[in-house]
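Reviewing the structure listed below.
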Amino acid sequence: MPRMMNGSEKPKKLSVAFKRFCLSLRPWAVPITVAMLLAIGSTVCTIFGPKILGQMTDTAVSDYGTAIMQAGGKIPDPETLSSALNWTKLGNLALLLIFLFILSGILNYIEGVLLSIVSAHYAKKMRSRILDKISRLPISYFDRHQFGDTLSRMSNDVSMVSNTLADVLSRVISSVTMLVGILIMMMTISFWLSIIALVAVPFSLIFVSLVAKKAQTFFRSQQATLGSLNSTIEEDYSGQSIIKANSYEATAIEKFGRTNQHLYDVSWKAQFYSSLAFPITHVFTNLSYVLICVVGGRMAIDGDLLIGSVQAFLQYVSQFNRPITEVSQIASSIQQTLAASERIYEFLDETEESPDYEPALTIEKVQGSVEFHEVNFSYDKEKPIIKNFSVKIQPGMQVAIVGPTGAGKTTIINLLMRFYDPDTGYITIDDVPTKEMKRADVRKLFGMVLQDTWLFSGTIEENLKYGKPSATHADILKATEASSIHHFIESLPQGYKTQISEDSDNISAGEKQLLTIARAMIADPPMMILDEATSNVDTRTEQLIQDAFVKLTHGRTSFVIAHRLSTIRNSDLILVMKEGNIIEQGIHDELLAQDGFYAELYNSQFADDEDA
């Protein structure tokens with residue numbers, strides 16, 4: 001289960017996540033650079049607006065002043081005042097201003113389109129990387145982590161990063177450009193007024209950085225808790241029948257409520273701290289604005305500045321405060337993006353399966369002999385599961401593995417398929433150590449029919465061809481007839497084109513099992529593994545499955561894990577396991593004659609059947 005963060009936990013390797021996030025954008029360096037240049041161009045066009053408006057004000061004031069002086073200090077009539085204005089200069093300045101605003105809008109639109117395209121490509125690439133990473137992770141990872149947490153990283157976290165990428169990058173570039181450009185323009189108007197405007201900046205940055213640091217902790221916890229919440233929802237949704245059957249609704253709701261409450265707690269705290277950035281910045285910027293109004297007004301009265309220059313400077317101060325405020329407003333988005341990015345890279349950094357042996361050995365023609373050589377294995381090093389396990393299996397034998405829960409039956413299969421490798425000892429197939437083969441080559445040697453039947457959303461025919469996409473319809477018919485499922489498929493309205501629902505709940509458990517047997521027949525592997533494949537079906541369906549098993553395993557080395565011992569009486573070898581050891585082995589009659597643990601298991605089941 002993923003570790004849930006509490007409110008006091010600090011973010012891990014945030015700077016590393018930011019650096020890797022920037023490096024991940026390298027494939028789109030050209031469009032991002034073009035977008036940055038467009039953003040700068042758009043912002044620069046906007047920056048000249050107040051300067052031009054100030055020039056228009058100064059021109060109008062100067063022309064009015066000249067007209068008043070010519071009238072002997074008296075205010076002339078409106079027509080005289082209007083004729084005194086330099087309309088040509090004012091018109092040219094107005095046209096220039098309109099042109100700059102239109103050009104700014106066009107550049108801003110193109111920039112937005114480019115960043116949106118980059119954002120979409122980034123999301124596509126990251127989801128592909130995560131899916132590729134999933135295929136390289138060992139089975140042990142999936143044993144230790146919840147499905148919902150991994151799903152949350154692929155969906156929520158990637159969406160968070162990609163959705164904010166275009167918006168945040170654009171606003172940050174524009175804000176920085178505007179900040180620098182406006183500062184230059186203010187300096188050209190008045191050095192001392194610029195100093196007053198700048199005094200508020202360090203105070204704002206100090207306070208904003210403090211609250212941002214606090215908010216980042218909660219944003220990361222929010223993303224982690226969201227993954228846990230997704231896992232709970234997925235479990236509750238898929239297990240509704242079990243929940244209802246056990247009257248577990250109240251407990252499930254309470255469990256979900258705790259996780260949901262924790263998400264609520266960290267979410268509002270994250271928003272609370274990130275929202276403090278704007279009012280803090282606003283206080284300091286407003287104080288500087290008031291001071292500039294007082295000092296600037298006095299300078300205009302003293303003749304040190306023109307009225308248009310004061311007007312332009314006040315507009316620049318308002319715009320100068322805007323990028324600071326803008327950065328404080330998007331601080332929460334940046335923090336969420338970095339928290340999501342950190343979770344993505346944590347997943348991408350997970351330890352992968354060890355590399356295959358090089359040069360890998362292969363088996364040219366599979367005979368099917370399997371041998372375990374003093375194999376020891378444990379999931380937890382303090383709790384050994386398999387201890388000094390040794391057995392030799394001849395080609396074509398049907399080997400049944402029986403024993404109580406936790407004896408190590410499924411672990412034997414996991415080792416055989418190289419889902420895990422032994423801690424000590426080794427396994428050979430046709431005298432070739434599986435550790436010296438590619439995992440994919442080992443797994444291709446086996447077909448698997450499991451207790452938990454797995455069918456994906458698609459047609460029946462697509463599911464049957466899963467293990468062998470090149471299979472013809474004739475191959476499919478041969479397998480379905482042999483597995484006694486052909487008649488059922490033909491009875492469906494769309495036959496082999498019938499769609500299986502997402503949870504494959506439109507067909508029964510027995511029909512699912514027969515479909516998986518047919519799928520294994522089509523794949524035609526050299527060896528077979530059958531894991532508790534008849535434990536969830538009725539007696540009639542069990543007989544159909546048993547008949548199909550006989551056909552499926554004929555001439556193949558096969559391993560059968562069985563709970564119902566009556567189904568493995570004809571096995572060539574029965575391995576009786578207890579606490580990771582083979583305590584008895586032989587055929588059914590021999591084991592009964594020994595009157596040991598197997599006989600005890602068999603007789604107890606027989607007695608249960610008699611009672612039933």
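Chain labels follow the order of the structure tokens: the first chain is A, the next B, and so on; residue numbering restarts at 1 in every chain, and ligands are counted from 1 in their shown order.
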Practice item. Within region 361-459 of chain A, find each residue whose DSSP state, derived from the backbone, is strand (DSSP E), and express the selection as a ChimeraX atom specification. Key: /A:370-377,386-393,398-402,424-429,432-433,446-450,458-459
Practice item. Find the spatial neighbours of Lys468 (chain A), counting only C-alpha atoms, within a cut-off of 10 Å - ignore same-chain residues fewer than 4 positions away - and output them as number ranges by chain. Key: A: 462-464, 472, 519-524
Point to revise | Backbone-only DSSP, alpha helix (DSSP H) members of region 437-517 of chain A, as a ChimeraX atom specification | key: /A:439-444,460-464,473-482,486-491,509-517
Practice item. Find the residues around Gln398 (chain A) up to 8 Å (only C-alpha atoms counted), leave out those fewer than 2 positions away in its own chain, and share them as a PyMOL selection string. Key: chain A and resi 396+400+553+556-560+571-573
Since we have the selection now, will you write its residues out, keeping N, CA and C atoms, as a CSV table (one decimal), in the first residue's frame?
chain,number,residue,atom,x,y,z
A,396,GLY,N,6.3,-34.6,-20.5
A,396,GLY,CA,5.0,-35.1,-20.7
A,396,GLY,C,4.2,-35.4,-19.5
A,400,ALA,N,0.8,-32.6,-10.2
A,400,ALA,CA,-0.1,-31.9,-9.4
A,400,ALA,C,0.6,-31.4,-8.1
A,553,THR,N,-3.7,-30.8,-22.0
A,553,THR,CA,-2.4,-31.2,-21.4
A,553,THR,C,-1.9,-32.5,-22.1
A,556,ARG,N,1.8,-32.9,-23.2
A,556,ARG,CA,2.6,-31.7,-22.7
A,556,ARG,C,2.9,-31.9,-21.2
A,557,THR,N,4.1,-31.4,-20.8
A,557,THR,CA,4.4,-31.3,-19.4
A,557,THR,C,3.5,-30.3,-18.8
A,558,SER,N,2.8,-30.7,-17.7
A,558,SER,CA,1.8,-29.7,-17.1
A,558,SER,C,1.9,-29.7,-15.6
A,559,PHE,N,1.6,-28.5,-15.1
A,559,PHE,CA,1.6,-28.4,-13.6
A,559,PHE,C,0.2,-27.9,-13.2
A,560,VAL,N,-0.4,-28.7,-12.3
A,560,VAL,CA,-1.7,-28.4,-11.8
A,560,VAL,C,-1.7,-28.1,-10.3
A,571,SER,N,-3.0,-37.9,-12.0
A,571,SER,CA,-1.7,-37.2,-12.3
A,571,SER,C,-0.6,-38.2,-12.2
A,572,ASP,N,0.4,-37.9,-13.0
A,572,ASP,CA,1.6,-38.8,-13.0
A,572,ASP,C,2.5,-38.6,-11.8
A,573,LEU,N,2.4,-37.4,-11.2
A,573,LEU,CA,3.2,-37.2,-10.0
A,573,LEU,C,2.4,-36.1,-9.1
Point to revise | Coordinates-based distance that separates CA of Ile363 (chain A) from CA of Met528 (chain A) (Å, one decimal) | key: 16.7 Å
Residues of region 255-350 of chain A that approach region 202-226 of chain A to 9 Å or less, counting only C-alpha atoms: could you list each one with the shortest pair of atoms and its distance in Å to one decimal, rows by chain and increasing residue number, as a tab-separated table?
residue	atom	partner	partner_atom	distance
A:Thr259	CA	A:Thr225	CA	7.3
A:Asn260	CA	A:Thr225	CA	8.4
A:His262	CA	A:Thr225	CA	7.4
A:Leu263	CA	A:Thr225	CA	5.8
A:Tyr264	CA	A:Gln222	CA	8.4
A:Asp265	CA	A:Gln222	CA	8.8
A:Val266	CA	A:Phe218	CA	5.4
A:Ser267	CA	A:Gln222	CA	5.8
A:Trp268	CA	A:Phe218	CA	8.8
A:Lys269	CA	A:Phe218	CA	6.6
A:Ala270	CA	A:Ala215	CA	4.8
A:Gln271	CA	A:Ala215	CA	7.3
A:Phe272	CA	A:Ala215	CA	7.9
A:Tyr273	CA	A:Ala215	CA	5.1
A:Ser274	CA	A:Ala215	CA	5.6
A:Ser275	CA	A:Val211	CA	8.8
A:Leu276	CA	A:Val211	CA	7.0
A:Ala277	CA	A:Val208	CA	5.1
A:Phe278	CA	A:Val208	CA	8.3
A:Ile280	CA	A:Ser204	CA	6.7
A:Thr281	CA	A:Ser204	CA	5.1
A:His282	CA	A:Ser204	CA	8.5
A:Val283	CA	A:Ser204	CA	8.7
A:Phe284	CA	A:Ser204	CA	6.6
A:Thr285	CA	A:Ser204	CA	8.2
A:Ile324	CA	A:Ser204	CA	8.3
A:Ser328	CA	A:Val208	CA	6.9
A:Ala331	CA	A:Ala212	CA	7.0
A:Ser332	CA	A:Ala212	CA	7.5
A:Gln335	CA	A:Gln216	CA	5.5
A:Gln336	CA	A:Phe219	CA	5.7
A:Leu338	CA	A:Arg220	CA	8.4
A:Ala339	CA	A:Arg220	CA	4.8
A:Ala340	CA	A:Gln223	CA	6.6
A:Glu342	CA	A:Arg220	CA	8.5
A:Arg343	CA	A:Ala224	CA	8.0
